file start36.cif (mmCIF, C-alpha atoms)
data_my_file
#
loop_
_atom_site.group_PDB
_atom_site.id
_atom_site.type_symbol
_atom_site.label_atom_id
_atom_site.label_comp_id
_atom_site.auth_asym_id
_atom_site.auth_seq_id
_atom_site.Cartn_x
_atom_site.Cartn_y
_atom_site.Cartn_z
ATOM 1 C CA MET M 1 -9.950 -0.729 23.114
ATOM 2 C CA GLN M 2 -11.126 2.665 21.876
ATOM 3 C CA LEU M 3 -12.702 3.050 18.453
ATOM 4 C CA GLU M 4 -9.936 4.005 16.019
ATOM 5 C CA MET M 5 -9.387 4.280 12.258
ATOM 6 C CA PHE M 6 -7.162 2.098 10.092
ATOM 7 C CA VAL M 7 -5.970 3.134 6.638
ATOM 8 C CA ASN M 8 -6.823 0.667 3.880
ATOM 9 C CA GLU M 9 -3.618 0.620 1.847
ATOM 10 C CA LEU M 10 -5.332 -1.224 -1.017
ATOM 11 C CA SER M 11 -7.342 1.898 -1.809
ATOM 12 C CA PHE M 12 -4.107 3.616 -2.879
ATOM 13 C CA GLN M 13 -3.295 0.999 -5.505
ATOM 14 C CA ARG M 14 -5.138 2.905 -8.226
ATOM 15 C CA PRO M 15 -3.727 6.474 -8.303
ATOM 16 C CA ALA M 16 -5.677 9.363 -9.790
ATOM 17 C CA PRO M 17 -5.011 10.122 -13.469
ATOM 18 C CA ASP M 18 -3.570 13.538 -12.581
ATOM 19 C CA ILE M 19 -2.444 15.531 -9.549
ATOM 20 C CA GLU M 20 -5.539 17.754 -9.492
ATOM 21 C CA LYS M 21 -7.814 14.744 -9.176
ATOM 22 C CA GLY M 22 -5.442 13.256 -6.614
ATOM 23 C CA LEU M 23 -5.569 16.400 -4.478
ATOM 24 C CA SER M 24 -9.364 16.235 -4.517
ATOM 25 C CA ARG M 25 -9.289 12.619 -3.330
ATOM 26 C CA VAL M 26 -6.951 13.387 -0.439
ATOM 27 C CA MET M 27 -9.066 16.359 0.669
ATOM 28 C CA GLN M 28 -12.111 14.077 0.742
ATOM 29 C CA LEU M 29 -10.091 11.639 2.859
ATOM 30 C CA VAL M 30 -9.161 14.416 5.312
ATOM 31 C CA THR M 31 -12.768 15.627 5.452
ATOM 32 C CA THR M 32 -13.982 12.086 6.131
ATOM 33 C CA ILE M 33 -11.480 11.668 8.976
ATOM 34 C CA THR M 34 -12.568 15.007 10.436
ATOM 35 C CA GLU M 35 -16.252 14.107 10.324
ATOM 36 C CA ALA M 36 -15.619 10.694 11.901
ATOM 37 C CA SER M 37 -13.774 12.411 14.755
ATOM 38 C CA LYS M 38 -16.766 14.696 15.320
ATOM 39 C CA LYS M 39 -18.891 11.567 15.892
ATOM 40 C CA GLY M 40 -16.546 10.394 18.633
ATOM 41 C CA VAL M 41 -14.089 8.197 16.730
ATOM 42 C CA GLN M 42 -10.577 8.639 18.129
ATOM 43 C CA ARG M 43 -8.492 11.300 16.408
ATOM 44 C CA LYS M 44 -5.901 8.773 15.305
ATOM 45 C CA ILE M 45 -5.289 6.994 12.028
ATOM 46 C CA HIS M 46 -3.238 3.839 12.000
ATOM 47 C CA VAL M 47 -1.132 3.768 8.851
ATOM 48 C CA PRO M 48 1.233 1.315 7.171
ATOM 49 C CA PHE M 49 4.925 1.797 7.889
ATOM 50 C CA ASP M 50 5.608 3.193 4.413
ATOM 51 C CA TYR M 51 2.486 5.371 4.228
ATOM 52 C CA LEU M 52 4.399 8.403 2.925
ATOM 53 C CA SER M 53 5.118 6.449 -0.260
ATOM 54 C CA LEU M 54 1.457 5.672 -0.947
ATOM 55 C CA PRO M 55 0.736 6.964 -4.473
ATOM 56 C CA ILE M 56 -1.869 9.660 -5.094
ATOM 57 C CA ALA M 57 -1.197 10.440 -8.763
ATOM 58 C CA PRO M 58 1.591 9.664 -11.254
ATOM 59 C CA ASP M 59 4.940 10.630 -9.643
ATOM 60 C CA TYR M 60 3.086 12.132 -6.679
ATOM 61 C CA ASN M 61 2.642 10.484 -3.266
ATOM 62 C CA LEU M 62 1.621 11.407 0.280
ATOM 63 C CA ARG M 63 5.098 12.726 1.034
ATOM 64 C CA ASN M 64 4.726 15.141 -1.891
ATOM 65 C CA TRP M 65 1.246 16.131 -0.699
ATOM 66 C CA LEU M 66 2.481 16.958 2.790
ATOM 67 C CA ALA M 67 5.103 19.266 1.277
ATOM 68 C CA ASP M 68 2.844 20.809 -1.383
ATOM 69 C CA ASN M 69 2.252 24.521 -0.769
ATOM 70 C CA ARG M 70 -0.827 24.386 -2.993
ATOM 71 C CA VAL M 71 -2.559 22.333 -0.310
ATOM 72 C CA ASP M 72 -4.272 24.004 2.636
ATOM 73 C CA PRO M 73 -1.574 24.040 5.356
ATOM 74 C CA GLU M 74 -4.164 23.268 8.053
ATOM 75 C CA ALA M 75 -5.224 20.116 6.195
ATOM 76 C CA ARG M 76 -1.595 18.996 5.888
ATOM 77 C CA ARG M 77 -0.873 19.763 9.537
ATOM 78 C CA TYR M 78 -4.016 17.946 10.645
ATOM 79 C CA PHE M 79 -3.230 14.796 8.665
ATOM 80 C CA ARG M 80 0.395 14.735 9.801
ATOM 81 C CA SER M 81 -0.619 15.059 13.458
ATOM 82 C CA LEU M 82 -3.065 12.157 13.243
ATOM 83 C CA ALA M 83 -0.739 9.850 11.324
ATOM 84 C CA THR M 84 2.163 10.387 13.697
ATOM 85 C CA SER M 85 0.273 10.597 17.011
ATOM 86 C CA THR M 86 -0.015 6.825 17.296
ATOM 87 C CA PRO M 87 2.287 3.897 16.516
ATOM 88 C CA PHE M 88 2.404 2.706 12.932
ATOM 89 C CA LEU M 89 -0.100 0.005 12.091
ATOM 90 C CA ASN M 90 2.439 -2.792 12.325
ATOM 91 C CA SER M 91 3.517 -1.624 15.798
ATOM 92 C CA GLU M 92 0.102 -1.826 17.490
ATOM 93 C CA PRO M 93 0.684 -4.343 20.327
ATOM 94 C CA GLU M 94 -2.931 -5.327 21.069
ATOM 95 C CA ILE M 95 -3.548 -6.236 17.437
ATOM 96 C CA GLU M 96 -0.175 -7.865 16.849
ATOM 97 C CA THR M 97 -1.006 -10.563 19.412
ATOM 98 C CA MET M 98 -3.862 -11.722 17.159
ATOM 99 C CA TRP M 99 -2.151 -11.321 13.791
ATOM 100 C CA LYS M 100 -0.206 -14.545 13.702
ATOM 101 C CA ASP M 101 -3.179 -16.850 13.262
ATOM 102 C CA THR M 102 -5.364 -14.575 11.116
ATOM 103 C CA ASP M 103 -5.289 -13.565 7.444
ATOM 104 C CA CYS M 104 -7.627 -11.192 5.630
ATOM 105 C CA TYR M 105 -8.245 -11.086 1.877
ATOM 106 C CA TRP M 106 -10.204 -8.644 -0.249
ATOM 107 C CA GLN M 107 -10.969 -10.083 -3.684
ATOM 108 C CA GLY M 108 -8.057 -12.491 -3.211
ATOM 109 C CA ILE M 109 -5.576 -9.768 -2.187
ATOM 110 C CA SER M 110 -3.983 -9.730 1.253
ATOM 111 C CA ALA M 111 -5.429 -6.713 3.081
ATOM 112 C CA PHE M 112 -3.257 -5.350 5.872
ATOM 113 C CA GLY M 113 -5.340 -2.376 7.038
ATOM 114 C CA LEU M 114 -8.675 -4.181 6.661
ATOM 115 C CA LYS M 115 -7.307 -7.046 8.731
ATOM 116 C CA ALA M 116 -6.291 -4.646 11.511
ATOM 117 C CA ALA M 117 -9.738 -3.006 11.472
ATOM 118 C CA TYR M 118 -11.377 -6.431 11.739
ATOM 119 C CA LEU M 119 -9.227 -7.562 14.655
ATOM 120 C CA ALA M 120 -9.614 -4.251 16.521
ATOM 121 C CA ASP M 121 -13.342 -3.928 15.763
ATOM 122 C CA GLY M 122 -12.306 -0.602 14.295
ATOM 123 C CA LEU M 123 -13.126 1.562 11.315
ATOM 124 C CA ALA M 124 -11.308 1.069 8.018
ATOM 125 C CA ILE M 125 -10.818 4.213 5.956
ATOM 126 C CA SER M 126 -10.059 4.418 2.238
ATOM 127 C CA ILE M 127 -9.180 7.057 -0.293
ATOM 128 C CA SER M 128 -11.961 7.244 -2.878
ATOM 129 C CA SER M 129 -10.012 5.736 -5.757
ATOM 130 C CA MET M 130 -12.588 3.310 -7.206
ATOM 131 C CA SER M 131 -16.267 2.436 -6.877
ATOM 132 C CA GLU M 132 -15.549 -0.620 -4.722
ATOM 133 C CA TRP M 133 -14.530 1.689 -1.876
ATOM 134 C CA ASN M 134 -17.727 3.731 -2.101
ATOM 135 C CA THR M 135 -19.385 1.647 0.626
ATOM 136 C CA HIS M 136 -19.823 1.595 4.389
ATOM 137 C CA LEU M 137 -19.122 -2.150 4.599
ATOM 138 C CA VAL M 138 -16.309 -4.076 2.890
ATOM 139 C CA GLU M 139 -16.651 -7.843 2.653
ATOM 140 C CA CYS M 140 -13.432 -9.769 3.227
ATOM 141 C CA LYS M 141 -12.488 -13.415 3.511
ATOM 142 C CA ILE M 142 -11.042 -14.167 6.929
ATOM 143 C CA GLU M 143 -8.835 -17.195 7.483
ATOM 144 C CA GLU M 144 -8.095 -18.114 11.098
ATOM 145 C CA ILE M 145 -6.252 -20.991 12.705
ATOM 146 C CA VAL M 146 -8.363 -22.285 15.585
ATOM 147 C CA ASN M 147 -7.530 -25.512 17.424
ATOM 148 C CA ASN M 148 -4.943 -26.299 14.722
ATOM 149 C CA GLU M 149 -7.617 -26.134 12.020
ATOM 150 C CA ILE M 150 -8.186 -23.401 9.421
ATOM 151 C CA SER M 151 -11.517 -21.619 9.693
ATOM 152 C CA VAL M 152 -12.627 -19.608 6.641
ATOM 153 C CA HIS M 153 -15.526 -17.173 6.757
ATOM 154 C CA THR M 154 -16.690 -13.846 5.339
ATOM 155 C CA GLU M 155 -16.848 -10.700 7.444
ATOM 156 C CA ALA M 156 -18.316 -7.273 6.669
ATOM 157 C CA ILE M 157 -15.784 -4.740 7.941
ATOM 158 C CA HIS M 158 -16.965 -1.269 8.964
ATOM 159 C CA HIS M 159 -15.583 1.175 6.427
ATOM 160 C CA ILE M 160 -15.714 4.794 5.289
ATOM 161 C CA SER M 161 -14.440 6.756 2.321
ATOM 162 C CA SER M 162 -16.795 9.731 2.490
ATOM 163 C CA PRO M 163 -18.812 11.562 5.169
ATOM 164 C CA ILE M 164 -21.972 9.883 3.830
ATOM 165 C CA HIS M 165 -20.744 6.524 5.104
ATOM 166 C CA ILE M 166 -20.228 7.885 8.618
ATOM 167 C CA GLU M 167 -23.947 8.574 9.002
ATOM 168 C CA LEU M 168 -24.640 4.906 8.288
ATOM 169 C CA HIS M 169 -22.372 3.943 11.204
ATOM 170 C CA VAL M 170 -23.724 6.281 13.891
ATOM 171 C CA GLN M 171 -25.481 3.556 15.894
ATOM 172 C CA TRP M 172 -22.457 1.258 15.717
ATOM 173 C CA ILE M 173 -20.061 4.100 16.594
ATOM 174 C CA ASN M 174 -22.116 4.976 19.657
ATOM 175 C CA ARG M 175 -22.180 1.334 20.752
ATOM 176 C CA ARG M 176 -18.419 0.957 20.321
ATOM 177 C CA ILE M 177 -17.695 4.144 22.271
ATOM 178 C CA GLN M 178 -20.033 3.228 25.101
ATOM 179 C CA SER M 179 -18.701 -0.312 25.433
ATOM 180 C CA SER M 180 -14.983 0.503 25.186
ATOM 181 C CA VAL M 181 -13.266 -1.071 28.182
ATOM 182 C CA GLU M 182 -9.644 -1.792 29.009
ATOM 183 C CA ASN M 183 -9.922 -5.161 30.779
ATOM 184 C CA GLY M 184 -12.245 -7.960 31.856
ATOM 185 C CA GLN M 185 -12.869 -6.514 35.297
ATOM 186 C CA GLU M 186 -14.119 -3.272 33.779
ATOM 187 C CA LEU M 187 -16.232 -5.233 31.295
ATOM 188 C CA TRP M 188 -17.859 -7.202 34.112
ATOM 189 C CA ALA M 189 -18.602 -3.996 36.029
ATOM 190 C CA HIS M 190 -20.586 -2.631 33.058
ATOM 191 C CA LEU M 191 -22.476 -5.769 32.004
ATOM 192 C CA THR M 192 -25.878 -4.445 33.067
ATOM 193 C CA ASP M 193 -25.341 -1.202 31.148
ATOM 194 C CA PHE M 194 -23.905 -2.755 27.999
ATOM 195 C CA PHE M 195 -25.805 -6.065 27.749
ATOM 196 C CA PRO M 196 -29.082 -5.794 29.707
ATOM 197 C CA MET M 197 -30.779 -8.667 27.847
ATOM 198 C CA LEU M 198 -28.185 -11.287 28.777
ATOM 199 C CA ILE M 199 -28.217 -13.420 31.945
ATOM 200 C CA PHE M 200 -24.829 -14.577 33.208
ATOM 201 C CA CYS M 201 -24.100 -17.786 35.099
ATOM 202 C CA THR M 202 -22.284 -17.596 38.404
ATOM 203 C CA ASN M 203 -18.949 -18.799 37.047
ATOM 204 C CA VAL M 204 -18.735 -16.111 34.345
ATOM 205 C CA GLU M 205 -17.624 -13.349 36.709
ATOM 206 C CA LYS M 206 -14.374 -15.129 37.557
ATOM 207 C CA GLU M 207 -13.781 -16.013 33.902
ATOM 208 C CA MET M 208 -14.405 -12.493 32.713
ATOM 209 C CA ILE M 209 -12.256 -10.597 35.214
ATOM 210 C CA HIS M 210 -9.331 -12.869 34.304
ATOM 211 C CA LEU M 211 -9.756 -12.592 30.528
ATOM 212 C CA PRO M 212 -6.458 -11.884 28.725
ATOM 213 C CA GLN M 213 -6.188 -8.399 27.282
ATOM 214 C CA GLU M 214 -6.216 -9.609 23.681
ATOM 215 C CA SER M 215 -9.634 -11.235 24.146
ATOM 216 C CA ILE M 216 -11.547 -8.137 25.311
ATOM 217 C CA ILE M 217 -12.388 -6.851 21.819
ATOM 218 C CA SER M 218 -13.716 -10.226 20.645
ATOM 219 C CA ILE M 219 -15.702 -11.003 23.802
ATOM 220 C CA SER M 220 -17.269 -7.521 23.883
ATOM 221 C CA LYS M 221 -18.189 -7.801 20.218
ATOM 222 C CA GLY M 222 -19.775 -11.221 20.710
ATOM 223 C CA LEU M 223 -21.836 -10.127 23.719
ATOM 224 C CA TYR M 224 -23.047 -7.133 21.725
ATOM 225 C CA TYR M 225 -24.330 -9.370 18.911
ATOM 226 C CA LEU M 226 -26.099 -11.662 21.375
ATOM 227 C CA ASN M 227 -27.672 -8.728 23.220
ATOM 228 C CA VAL M 228 -28.966 -7.198 19.975
ATOM 229 C CA TYR M 229 -30.432 -10.552 18.966
ATOM 230 C CA CYS M 230 -32.279 -10.779 22.302
ATOM 231 C CA THR M 231 -33.642 -7.268 21.858
ATOM 232 C CA ASN M 232 -35.116 -8.225 18.477
ATOM 233 C CA TRP M 233 -36.250 -11.730 19.489
ATOM 234 C CA LYS M 234 -39.855 -11.055 20.417
ATOM 235 C CA THR M 235 -41.577 -14.309 19.483
ATOM 236 C CA GLY M 236 -40.891 -17.708 17.950
ATOM 237 C CA SER M 237 -38.145 -20.228 18.440
ATOM 238 C CA PHE M 238 -34.430 -19.514 18.685
ATOM 239 C CA ASN M 239 -32.795 -18.836 15.313
ATOM 240 C CA PRO M 240 -28.978 -18.903 15.418
ATOM 241 C CA ASP M 241 -28.763 -17.681 11.817
ATOM 242 C CA ALA M 242 -30.287 -14.345 12.851
ATOM 243 C CA ILE M 243 -27.605 -13.443 15.387
ATOM 244 C CA GLY M 244 -25.299 -11.845 12.844
ATOM 245 C CA CYS M 245 -22.067 -13.577 13.824
ATOM 246 C CA ARG M 246 -20.685 -17.099 13.559
ATOM 247 C CA VAL M 247 -22.678 -19.385 15.846
ATOM 248 C CA SER M 248 -22.789 -23.169 16.034
ATOM 249 C CA PRO M 249 -23.606 -25.985 18.472
ATOM 250 C CA GLU M 250 -21.113 -28.552 19.670
ATOM 251 C CA SER M 251 -21.154 -31.938 17.976
ATOM 252 C CA GLN M 252 -23.011 -34.787 19.642
ATOM 253 C CA LEU M 253 -19.718 -36.630 19.993
ATOM 254 C CA THR M 254 -18.238 -33.701 21.926
ATOM 255 C CA LEU M 255 -21.290 -33.438 24.186
ATOM 256 C CA GLN M 256 -21.191 -37.166 24.896
ATOM 257 C CA LYS M 257 -17.497 -37.040 25.739
ATOM 258 C CA PHE M 258 -17.399 -33.699 27.568
ATOM 259 C CA ARG M 259 -20.965 -33.146 28.766
ATOM 260 C CA LYS M 260 -19.863 -32.235 32.294
ATOM 261 C CA GLN M 261 -17.560 -29.474 31.022
ATOM 262 C CA HIS M 262 -20.513 -27.951 29.130
ATOM 263 C CA MET M 263 -22.856 -27.847 32.164
ATOM 264 C CA PHE M 264 -23.043 -24.586 34.131
ATOM 265 C CA LEU M 265 -24.970 -23.436 37.189
ATOM 266 C CA CYS M 266 -27.490 -20.737 36.329
ATOM 267 C CA SER M 267 -28.826 -17.964 38.569
ATOM 268 C CA ASP M 268 -32.059 -19.900 39.219
ATOM 269 C CA GLY M 269 -30.089 -22.739 40.806
ATOM 270 C CA GLN M 270 -30.370 -25.117 37.836
ATOM 271 C CA TYR M 271 -27.528 -26.687 35.874
ATOM 272 C CA ARG M 272 -28.011 -26.418 32.131
ATOM 273 C CA LEU M 273 -26.178 -27.688 29.070
ATOM 274 C CA PHE M 274 -24.407 -25.040 26.985
ATOM 275 C CA SER M 275 -23.793 -26.217 23.453
ATOM 276 C CA PHE M 276 -24.246 -23.165 21.224
ATOM 277 C CA HIS M 277 -21.325 -20.779 21.091
ATOM 278 C CA ALA M 278 -20.461 -17.564 19.282
ATOM 279 C CA LYS M 279 -17.026 -17.527 17.647
ATOM 280 C CA PHE M 280 -14.624 -14.607 17.381
ATOM 281 C CA ASN M 281 -11.068 -15.433 16.463
ATOM 282 C CA LYS M 282 -9.986 -18.064 19.017
ATOM 283 C CA TRP M 283 -12.459 -16.821 21.638
ATOM 284 C CA ARG M 284 -15.872 -18.277 22.435
ATOM 285 C CA ILE M 285 -19.078 -17.312 24.234
ATOM 286 C CA TYR M 286 -21.232 -20.306 25.212
ATOM 287 C CA PHE M 287 -24.939 -19.621 25.658
ATOM 288 C CA ASN M 288 -28.277 -21.346 26.229
ATOM 289 C CA SER M 289 -31.590 -20.243 24.680
ATOM 290 C CA GLU M 290 -34.114 -22.369 26.545
ATOM 291 C CA LEU M 291 -35.599 -19.467 28.547
ATOM 292 C CA GLY M 292 -37.317 -18.339 25.364
ATOM 293 C CA PRO M 293 -37.718 -15.063 23.435
ATOM 294 C CA GLY M 294 -35.701 -12.087 24.605
ATOM 295 C CA GLN M 295 -33.319 -13.958 26.894
ATOM 296 C CA LEU M 296 -30.046 -15.801 26.541
ATOM 297 C CA LEU M 297 -28.061 -17.425 29.332
ATOM 298 C CA ILE M 298 -24.285 -16.954 29.128
ATOM 299 C CA GLY M 299 -22.399 -19.933 30.578
ATOM 300 C CA HIS M 300 -18.779 -19.483 29.547
ATOM 301 C CA VAL M 301 -16.536 -16.796 28.028
ATOM 302 C CA GLY M 302 -12.960 -17.406 26.963
ATOM 303 C CA LYS M 303 -11.271 -20.153 25.011
ATOM 304 C CA HIS M 304 -13.046 -23.069 23.371
ATOM 305 C CA LEU M 305 -14.300 -25.730 25.794
ATOM 306 C CA PRO M 306 -12.972 -29.291 25.293
ATOM 307 C CA ILE M 307 -13.968 -30.927 22.011
ATOM 308 C CA SER M 308 -14.060 -34.539 20.866
ATOM 309 C CA SER M 309 -10.817 -34.291 18.885
ATOM 310 C CA GLU M 310 -8.903 -33.493 22.067
ATOM 311 C CA PRO M 311 -7.749 -36.150 24.538
ATOM 312 C CA LYS M 312 -10.057 -36.736 27.471
#

call {"tool": "encode", "arguments": {"input": "start36.cif", "output": "structure tokens"}}
result
Amino acid sequence: MQLEMFVNELSFQRPAPDIEKGLSRVMQLVTTITEASKKGVQRKIHVPFDYLSLPIAPDYNLRNWLADNRVDPEARRYFRSLATSTPFLNSEPEIETMWKDTDCYWQGISAFGLKAAYLADGLAISISSMSEWNTHLVECKIEEIVNNEISVHTEAIHHISSPIHIELHVQWINRRIQSSVENGQELWAHLTDFFPMLIFCTNVEKEMIHLPQESIISISKGLYYLNVYCTNWKTGSFNPDAIGCRVSPESQLTLQKFRKQHMFLCSDGQYRLFSFHAKFNKWRIYFNSELGPGQLLIGHVGKHLPISSEPK
């Protein structure tokens, strides 16, 4: 999926004290969107269904702003074209498939736009209404149902509310643009370009080219984290805490019960055990670190392998 922007509706919950201040905030929002587009982010903004009612100042909302002759007509035309050139946020099919089992909370408040940005590995954008939005990363609590159990973890969501924040995302933006693919077959074709530090077992090709569409974002994101870790892993033993995403080994009970299902043939002709796995939503990437610094073997991509709580 291409790198796109998602409006954070929570940033509109504190309107400006007056219309003049509100107009200034919206112009900063438009400028931020423009600058992000110049860096290669898609010229689209996903908005909530009722975005025209989002308040800017007392008795003044986005609908009023779009009709306000005091506002630069080019700025109004530009915003209207972006907000209506793509389906509303709650009509985005690729994200909707992952919504059911995922919730996102910012400071205990359900966050619709931030959740969409997280699931799409996209860029959340806020109006500069309070100091909490003056940041390039917004921490949210993510609750996901995986294997009929609730997983709770914290994620830092890429975010902008001013052009300054865009500069802090340049490396990530370039990575997202370069690694944007439409399906597993295309992802497999670009593995060497995107993830040169990773070594893939023979079975991964078949798994990857048959990945469901809704998994591509998560799998690509996970491989990126693992590749970056390998690039930085120069010496010393493997440190899963330094990877930057959720990583854990299988339990001993699972490995005793399903050891065969966690063994994969590597390119050197050896079968190895794959216990560690990176977690993104309901998708997993199983890897082995025994080759040492700078290299990780990838044994399985897709859904979670069998675990001890499942029937044999």

call {"tool": "closest_residue", "arguments": {"input": "start36.cif", "among": "M:Gly108, M:Pro73, M:Gly40, M:Pro15", "to": "Leu54 in chain M", "atoms": "all atoms listed in the file"}}
result
M:Pro15

call {"tool": "closest_residue", "arguments": {"input": "start36.cif", "among": "M:Leu168, M:Val247, M:Leu10, M:Ala242", "to": "Cys230 in chain M", "atoms": "all atoms listed in the file"}}
result
M:Ala242

call {"tool": "atom_distance", "arguments": {"input": "start36.cif", "atom1": "CA of Ile19 in chain M", "atom2": "CA of Asn69 in chain M"}}
result
13.4 Å

call {"tool": "closest_atom_pairs", "arguments": {"input": "start36.cif", "of": "range 209-256 of chain M", "to": "range 279-286 of chain M", "cutoff": "10 Å", "atoms": "all atoms listed in the file", "output": "tab-separated table"}}
result
residue	atom	partner	partner_atom	distance
M:Glu214	CA	M:Trp283	CA	9.8
M:Ser215	CA	M:Trp283	CA	6.7
M:Ile216	CA	M:Trp283	CA	9.5
M:Ile217	CA	M:Phe280	CA	9.2
M:Ser218	CA	M:Phe280	CA	5.5
M:Ile219	CA	M:Trp283	CA	7.0
M:Ser220	CA	M:Ile285	CA	10.0
M:Lys221	CA	M:Phe280	CA	8.2
M:Gly222	CA	M:Phe280	CA	7.0
M:Leu223	CA	M:Ile285	CA	7.7
M:Leu226	CA	M:Ile285	CA	9.5
M:Cys245	CA	M:Lys279	CA	7.5
M:Arg246	CA	M:Lys279	CA	5.5
M:Val247	CA	M:Lys279	CA	6.2
M:Ser248	CA	M:Lys279	CA	8.2
M:Pro249	CA	M:Tyr286	CA	9.1
M:Glu250	CA	M:Tyr286	CA	9.9

call {"tool": "write_last_selection", "arguments": {"input": "start36.cif", "atoms": "C-alpha atoms", "output": "short mmCIF file (atom, residue, chain, number, x, y, z; two decimals), in the coordinates of the input"}}
result
data_model
loop_
_atom_site.label_atom_id
_atom_site.label_comp_id
_atom_site.auth_asym_id
_atom_site.auth_seq_id
_atom_site.Cartn_x
_atom_site.Cartn_y
_atom_site.Cartn_z
CA GLU M 214 -6.22 -9.61 23.68
CA SER M 215 -9.63 -11.24 24.15
CA ILE M 216 -11.55 -8.14 25.31
CA ILE M 217 -12.39 -6.85 21.82
CA SER M 218 -13.72 -10.23 20.64
CA ILE M 219 -15.70 -11.00 23.80
CA SER M 220 -17.27 -7.52 23.88
CA LYS M 221 -18.19 -7.80 20.22
CA GLY M 222 -19.77 -11.22 20.71
CA LEU M 223 -21.84 -10.13 23.72
CA LEU M 226 -26.10 -11.66 21.38
CA CYS M 245 -22.07 -13.58 13.82
CA ARG M 246 -20.68 -17.10 13.56
CA VAL M 247 -22.68 -19.39 15.85
CA SER M 248 -22.79 -23.17 16.03
CA PRO M 249 -23.61 -25.98 18.47
CA GLU M 250 -21.11 -28.55 19.67
#

call {"tool": "axis_aligned_box", "arguments": {"input": "start36.cif", "around": "range 192-197 of chain M", "padding_each_side": "4 Å", "output": "AutoDock Vina command-line options"}}
result
--center_x -27.3 --center_y -4.9 --center_z 30.4 --size_x 14.9 --size_y 15.5 --size_z 13.3

call {"tool": "resolve_selection", "arguments": {"input": "start36.cif", "expression": "the PyMOL selection byres ((chain M and resi 38) around 12)", "output": "list in words"}}
result
Thr31, Thr32, Ile33, Thr34, Glu35, Ala36, Ser37, Lys39, Gly40, Val41, Gln42, Arg43, Pro163, Ile166, Glu167, Val170, Ile173 and Asn174 of chain M

call {"tool": "resolve_selection", "arguments": {"input": "start36.cif", "expression": "the PyMOL selection byres ((chain M and resi 1) around 8)", "output": "list in words"}}
result
Gln2, Leu3, Ala120, Ser180, Val181, Glu182, Ile216 and Ile217 of chain M

call {"tool": "resolve_selection", "arguments": {"input": "start36.cif", "expression": "the PyMOL selection byres ((chain M and resi 199) around 9)", "output": "VMD selection string"}}
result
chain M and resid 195 to 198 200 to 201 266 to 267 295 to 299

call {"tool": "residues_near_point", "arguments": {"input": "start36.cif", "point": "(0.5, -6.8, 15.7)", "cutoff": "12 Å", "atoms": "all atoms listed in the file", "output": "ChimeraX atom specification"}}
result
/M:46,48,87-102,112-113,115-117,119-120,214

call {"tool": "write_last_selection", "arguments": {"input": "start36.cif", "atoms": "C-alpha atoms", "output": "compact mmCIF listing (two decimals), keeping the file's coordinate frame"}}
result
# COMPACT_ATOMS: atom_id res chain seq x y z
CA HIS M 46 -3.24 3.84 12.00
CA PRO M 48 1.23 1.32 7.17
CA PRO M 87 2.29 3.90 16.52
CA PHE M 88 2.40 2.71 12.93
CA LEU M 89 -0.10 0.00 12.09
CA ASN M 90 2.44 -2.79 12.32
CA SER M 91 3.52 -1.62 15.80
CA GLU M 92 0.10 -1.83 17.49
CA PRO M 93 0.68 -4.34 20.33
CA GLU M 94 -2.93 -5.33 21.07
CA ILE M 95 -3.55 -6.24 17.44
CA GLU M 96 -0.18 -7.86 16.85
CA THR M 97 -1.01 -10.56 19.41
CA MET M 98 -3.86 -11.72 17.16
CA TRP M 99 -2.15 -11.32 13.79
CA LYS M 100 -0.21 -14.54 13.70
CA ASP M 101 -3.18 -16.85 13.26
CA THR M 102 -5.36 -14.58 11.12
CA PHE M 112 -3.26 -5.35 5.87
CA GLY M 113 -5.34 -2.38 7.04
CA LYS M 115 -7.31 -7.05 8.73
CA ALA M 116 -6.29 -4.65 11.51
CA ALA M 117 -9.74 -3.01 11.47
CA LEU M 119 -9.23 -7.56 14.66
CA ALA M 120 -9.61 -4.25 16.52
CA GLU M 214 -6.22 -9.61 23.68

call {"tool": "closest_residue", "arguments": {"input": "start36.cif", "among": "M:Leu255, M:Leu62, M:Leu123, M:Cys104", "to": "Leu305 in chain M", "atoms": "all atoms listed in the file"}}
result
M:Leu255

call {"tool": "residues_near_point", "arguments": {"input": "start36.cif", "point": "(-19.8, 1.8, 9.4)", "cutoff": "7 Å", "atoms": "only C-alpha atoms", "output": "count of residues only"}}
result
11

call {"tool": "atom_distance", "arguments": {"input": "start36.cif", "atom1": "CA of Ile127 in chain M", "atom2": "CA of Val26 in chain M"}}
result
6.7 Å

call {"tool": "residues_around", "arguments": {"input": "start36.cif", "residues": "Pro293 in chain M", "least_positions_apart": "2", "cutoff": "8 Å", "atoms": "all atoms listed in the file", "output": "JSON, numbers by chain"}}
result
{"M": [230, 233, 234, 235, 236, 237, 238, 291, 295]}

call {"tool": "atom_distance", "arguments": {"input": "start36.cif", "atom1": "CA of Phe274 in chain M", "atom2": "CA of His262 in chain M"}}
result
5.3 Å

call {"tool": "residues_around", "arguments": {"input": "start36.cif", "residues": "Trp188 in chain M", "least_positions_apart": "5", "cutoff": "10 Å", "atoms": "all atoms listed in the file", "output": "list in words"}}
result
Val181, Asn183, Phe194, Val204, Glu205, Lys206, Glu207, Met208 and Ile209 of chain M

call {"tool": "closest_residue", "arguments": {"input": "start36.cif", "among": "M:Ala189, M:Ile142, M:Ile307, M:Leu29", "to": "Ile157 in chain M", "atoms": "only C-alpha atoms"}}
result
M:Ile142

call {"tool": "decode", "arguments": {"input": "start36.cif", "residues": "range 155-163 of chain M", "atoms": "C-alpha atoms", "output": "compact mmCIF listing (two decimals), in the first residue's frame"}}
result
# COMPACT_ATOMS: atom_id res chain seq x y z
CA GLU M 155 3.05 1.77 19.50
CA ALA M 156 4.65 5.03 18.34
CA ILE M 157 2.62 6.18 15.34
CA HIS M 158 4.27 8.38 12.70
CA HIS M 159 2.67 11.80 12.94
CA ILE M 160 2.91 15.37 11.69
CA SER M 161 1.29 18.67 12.57
CA SER M 162 3.89 21.04 11.13
CA PRO M 163 6.51 20.96 8.35
